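Asker: The following file, target.txt, comprises compact mmCIF, C-alpha atoms:
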```
# COMPACT_ATOMS: atom_id res chain seq x y z
CA MET P 1 31.11 15.05 -18.68
CA ARG P 2 32.47 11.81 -17.20
CA ALA P 3 31.33 12.84 -13.70
CA PHE P 4 27.82 13.51 -15.04
CA LEU P 5 27.75 10.14 -16.80
CA LEU P 6 28.93 8.35 -13.66
CA PHE P 7 26.30 10.16 -11.58
CA ALA P 8 23.58 9.21 -14.09
CA LEU P 9 24.61 5.55 -14.06
CA LEU P 10 24.68 5.45 -10.24
CA SER P 11 21.26 7.12 -10.10
CA ILE P 12 19.79 4.61 -12.52
CA SER P 13 21.20 1.65 -10.60
CA PHE P 14 19.94 3.05 -7.26
CA LEU P 15 16.53 3.71 -8.80
CA SER P 16 16.21 0.15 -10.07
CA PHE P 17 17.43 -1.20 -6.69
CA ALA P 18 14.85 0.87 -4.77
CA GLN P 19 12.04 -0.13 -7.14
CA LYS P 20 13.01 -3.79 -6.83
CA ASP P 21 13.22 -3.49 -3.04
CA ILE P 22 9.71 -2.02 -2.71
CA GLN P 23 7.99 -4.80 -4.67
CA GLY P 24 5.76 -6.99 -2.54
CA PHE P 25 2.80 -7.21 -0.20
CA TRP P 26 3.23 -4.81 2.74
CA HIS P 27 0.82 -5.31 5.67
CA ASP P 28 0.39 -3.11 8.74
CA SER P 29 1.06 -6.10 11.00
CA PRO P 30 3.43 -9.06 10.70
CA HIS P 31 0.39 -11.32 11.12
CA VAL P 32 -2.96 -11.59 9.31
CA GLY P 33 -6.04 -12.36 11.38
CA SER P 34 -9.58 -12.85 10.13
CA GLY P 35 -9.14 -10.02 7.62
CA TYR P 36 -6.37 -7.94 6.11
CA GLY P 37 -5.23 -4.83 7.88
CA GLU P 38 -4.15 -1.78 5.96
CA TYR P 39 -1.77 -2.75 3.15
CA TYR P 40 0.16 -1.71 0.08
CA ALA P 41 0.80 -4.06 -2.83
CA PHE P 42 3.63 -2.98 -5.15
CA TYR P 43 3.89 -5.06 -8.34
CA ASP P 44 6.91 -5.52 -10.62
CA ASN P 45 5.00 -3.89 -13.51
CA MET P 46 4.93 -0.62 -11.49
CA ASN P 47 1.23 -0.94 -10.52
CA PHE P 48 0.21 -0.58 -6.88
CA THR P 49 -2.87 -0.99 -4.69
CA TYR P 50 -3.52 0.53 -1.27
CA SER P 51 -6.35 -0.85 0.88
CA THR P 52 -7.75 0.26 4.21
CA ASN P 53 -8.21 -2.18 7.08
CA SER P 54 -10.93 -4.68 6.14
CA MET P 55 -12.02 -4.90 9.79
CA ASP P 56 -12.61 -1.12 9.97
CA CYS P 57 -16.14 -1.57 8.63
CA ASP P 58 -17.31 2.06 8.64
CA GLN P 59 -14.62 3.38 6.29
CA ARG P 60 -15.97 5.08 3.17
CA LEU P 61 -12.59 4.88 1.42
CA GLN P 62 -11.92 1.23 0.62
CA SER P 63 -8.88 1.39 -1.65
CA PHE P 64 -7.03 3.26 -4.36
CA SER P 65 -4.66 2.08 -7.06
CA GLY P 66 -2.53 3.21 -9.96
CA VAL P 67 1.14 3.25 -10.84
CA TYR P 68 4.18 4.15 -8.76
CA SER P 69 7.76 5.25 -9.09
CA VAL P 70 10.60 5.41 -6.60
CA GLU P 71 13.03 8.32 -6.57
CA GLY P 72 15.65 8.33 -3.85
CA ASP P 73 13.90 8.10 -0.48
CA SER P 74 10.44 8.83 -1.92
CA VAL P 75 7.68 6.82 -3.52
CA PHE P 76 5.30 8.61 -5.89
CA LEU P 77 1.81 7.13 -6.14
CA TYR P 78 -0.10 8.14 -9.27
CA ILE P 79 -3.68 7.33 -8.29
CA ARG P 80 -5.90 6.28 -11.19
CA GLU P 81 -8.78 4.47 -9.46
CA ILE P 82 -10.52 5.04 -6.12
CA ASN P 83 -12.99 2.62 -4.51
CA ILE P 84 -15.43 4.07 -1.99
CA ILE P 85 -18.76 3.35 -0.34
CA ILE P 86 -21.45 5.98 -0.76
CA GLY P 87 -24.80 6.22 0.96
CA GLY P 88 -26.02 3.82 3.58
CA THR P 89 -26.07 4.46 7.30
CA ILE P 90 -23.56 3.84 10.06
CA LYS P 91 -24.80 1.12 12.41
CA GLU P 92 -23.42 -0.30 15.62
CA ASP P 93 -21.80 -3.70 15.27
CA VAL P 94 -21.21 -6.20 18.05
CA THR P 95 -19.55 -8.93 15.98
CA SER P 96 -16.34 -8.60 14.00
CA CYS P 97 -15.75 -4.92 13.19
CA TYR P 98 -12.93 -3.81 15.45
CA ASN P 99 -14.22 -0.26 15.92
CA GLY P 100 -17.81 -1.35 16.63
CA PHE P 101 -19.52 0.18 13.58
CA TYR P 102 -20.33 -0.72 9.98
CA ILE P 103 -22.07 0.79 6.94
CA GLU P 104 -25.45 -0.71 6.14
CA GLY P 105 -26.95 -0.32 2.68
CA GLY P 106 -24.03 1.53 1.13
CA GLU P 107 -23.17 1.25 -2.54
CA TYR P 108 -19.64 0.40 -3.69
CA LEU P 109 -18.44 2.87 -6.29
CA LYS P 110 -15.31 2.57 -8.47
CA ILE P 111 -14.08 5.96 -9.67
CA GLU P 112 -11.56 6.20 -12.48
CA THR P 113 -9.75 9.50 -12.27
CA ARG P 114 -9.46 11.72 -15.32
CA LYS P 115 -5.91 12.60 -14.38
CA ASP P 116 -3.39 11.08 -12.03
CA TYR P 117 -3.57 12.30 -8.46
CA VAL P 118 -0.04 12.16 -7.12
CA ARG P 119 0.94 11.40 -3.53
CA LYS P 120 4.58 11.61 -2.52
CA TYR P 121 5.67 9.70 0.58
CA ILE P 122 9.08 9.45 2.21
CA ILE P 123 10.08 5.79 2.59
CA SER P 124 12.73 3.92 4.54
CA PHE P 125 13.50 0.23 4.97
CA SER P 126 14.56 -1.69 8.06
CA THR P 127 14.43 -5.17 9.58
CA TYR P 128 12.09 -6.43 12.30
CA PHE P 129 12.77 -9.58 14.33
CA GLU P 130 10.05 -11.55 16.12
CA GLU P 131 10.94 -14.87 17.75
CA ASP P 132 12.69 -16.83 14.97
CA LEU P 133 11.25 -14.72 12.14
CA GLU P 134 12.82 -11.82 10.29
CA TYR P 135 10.71 -9.29 8.36
CA THR P 136 11.72 -6.49 6.05
CA THR P 137 9.75 -3.40 6.98
CA ILE P 138 9.02 -0.22 5.11
CA CYS P 139 8.06 3.05 6.68
CA ILE P 140 5.69 4.96 4.39
CA ASN P 141 4.82 8.46 5.51
CA GLY P 142 5.64 7.59 9.12
CA LYS P 143 3.74 4.27 9.30
CA THR P 144 5.41 0.84 9.39
CA TYR P 145 4.39 -2.03 7.10
CA TYR P 146 5.79 -5.58 7.08
CA ARG P 147 6.63 -7.38 3.83
CA LEU P 148 4.76 -10.68 3.99
CA GLY P 149 5.89 -11.66 0.50
CA THR P 150 7.53 -10.33 -2.66
CA ASP P 151 4.63 -11.33 -4.95
CA PRO P 152 1.40 -9.47 -4.05
CA SER P 153 -0.70 -11.74 -6.28
CA VAL P 154 -0.19 -14.52 -3.71
CA TYR P 155 -2.15 -12.40 -1.21
CA ILE P 156 -4.72 -10.57 -3.33
CA ASN P 157 -6.60 -11.29 -6.54
CA GLU P 158 -6.98 -8.26 -8.74
```
As a first step, turn the structure in this file into structure tokens.
Answerer:
Amino acid sequence: MRAFLLFALLSISFLSFAQKDIQGFWHDSPHVGSGYGEYYAFYDNMNFTYSTNSMDCDQRLQSFSGVYSVEGDSVFLYIREINIIIGGTIKEDVTSCYNGFYIEGGEYLKIETRKDYVRKYIISFSTYFEEDLEYTTICINGKTYYRLGTDPSVYINE
């Protein structure tokens, strides 16, 4: 019984450590240019937002959000809202869209899901050094993101 209790207490403390460690604004680059790249925002109230690259102008999926939990080396995303663009036509762009295309005349649609759609991703943390700067990084499902701050509300208004 004591071994089980000790295991439970260690699991709870690791869980709270991992959840605390994941909080923040995680960007796909250590720098932000004229628009945000792909990012995750994990809040201390267990809400999260994922957004596609704002300079990838022909993406139909814009973002999704919901609540998250961390268990061991995995993050579980319970998706409750999806933001997409429907309709419109793909046009060639010669200005700021990095892939050269954008959607003209599309309609933004916010979809609230009737049930949570769960995505499970393996995560790992590391450190990245660039010149005199040090960044905490997270690898989510094989892709690296850089923590630009621990409070996502500094970077995005939701």
Asker: Which residues are close to Ala41 (chain P), i.e. within 6 Å by all atoms listed in the file, leaving aside same-chain residues fewer than 5 positions away? Reply as a ChimeraX atom specification.
Answerer: /P:24-25,48-49,152
Asker: Measuring between all atoms listed in the file, which one of P:Asp44, P:Glu107, P:Asp58, P:Asp21 shows the shortest distance to Asp151 (chain P)?
Answerer: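 Among the listed residues, the smallest separation from Asp151 (chain P) belongs to P:Asp44.
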Asker: Would you mind telling me which residue in P:Lys115, P:Lys110, P:Lys91, P:Lys120 lies nearest to Ser69 (chain P) when using all atoms listed in the file?
Answerer: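 Selected residue with least distance to Ser69 (chain P): P:Lys120.
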Asker: Do you have the CA of Val154 (chain P)-CA of Gln62 (chain P) distance handy?
Answerer: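 Computing it gives 20.1 Å between the two atoms.
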Asker: Kindly give the distance, in Å, that separates CA of Ile86 (chain P) and CA of Tyr108 (chain P), rounded to a single decimal.
Answerer: 6.6 Å
Asker: So how far away is CA of Ser124 (chain P) from CA of Ile140 (chain P), in Å?
Answerer: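 Computing the Euclidean distance for CA of Ile140 (chain P) and CA of Ser124 (chain P) yields 7.1 Å.
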Asker: Between P:Ile123, P:Val32, P:Val94, P:Leu61, which one has atoms that come closest to Asp73 (chain P), using all atoms listed in the file?
Answerer: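 Result for the nearest residue to Asp73 (chain P): P:Ile123.
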Asker: Given all atoms listed in the file as the basis, pick out the residue of P:Gly37, P:Ser74, P:Leu133, P:Ile22 nearest to Thr150 (chain P).
Answerer: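 Comparing P:Gly37, P:Ser74, P:Leu133, P:Ile22 against Thr150 (chain P), the winner is P:Ile22.
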Asker: Rank P:Asn99, P:Thr89, P:Ser65, P:Ser126 by their smallest atom-to-atom distance to Met46 (chain P), using only C-alpha atoms, and report the top residue only.
Answerer: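 Looking at the shortest contact to Met46 (chain P), the residue is P:Ser65.
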Asker: Between P:Arg60, P:Ser51, P:Glu81, P:Arg147, which residue has the minimum interatomic distance to Ile111 (chain P), considering only C-alpha atoms?
Answerer: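 The shortest atom-to-atom distance to Ile111 (chain P) comes from P:Glu81.
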Asker: Select, counting all atoms listed in the file, all protein, DNA and RNA residues no farther than 10 Å from (17.3, -7.1, 5.1) in file coordinates, and express the selection as a ChimeraX atom specification.
Answerer: /P:21,125-128,134-137
Asker: Write out as a list in words each polymer residue whose atoms come within 12 Å of Glu130 (chain P), counting all atoms listed in the file; drop sequence neighbours fewer than 6 positions from it.
Answerer: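 So the residues in contact are Ser29, Pro30, His31, Thr136 and Tyr146 of chain P.
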Asker: Grab the residues selected above and save them as a PDB file, keeping the file's coordinate frame with C-alpha atoms.
Answerer:
```pdb
ATOM      1  CA  SER P  29       1.060  -6.100  11.000  1.00  0.00           C
ATOM      2  CA  PRO P  30       3.430  -9.060  10.700  1.00  0.00           C
ATOM      3  CA  HIS P  31       0.390 -11.320  11.120  1.00  0.00           C
ATOM      4  CA  THR P 136      11.720  -6.490   6.050  1.00  0.00           C
ATOM      5  CA  TYR P 146       5.790  -5.580   7.080  1.00  0.00           C
TER       6      TYR P 146
END
```
Asker: Which residues come within 12 Å of Phe64 (chain P), counting all atoms listed in the file, excluding same-chain residues fewer than 6 positions away, as a list of chain:residue names?
Answerer: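 Residues meeting the cut-off are P:Glu38, P:Tyr39, P:Tyr40, P:Ala41, P:Asn47, P:Phe48, P:Thr49, P:Tyr50, P:Ser51, P:Thr52, P:Leu77, P:Tyr78, P:Ile79, P:Arg80, P:Glu81, P:Ile82, P:Asn83, P:Ile84, P:Leu109, P:Lys110, P:Ile111, P:Glu112, P:Thr113, P:Asp116, P:Tyr117, P:Val118, P:Arg119.
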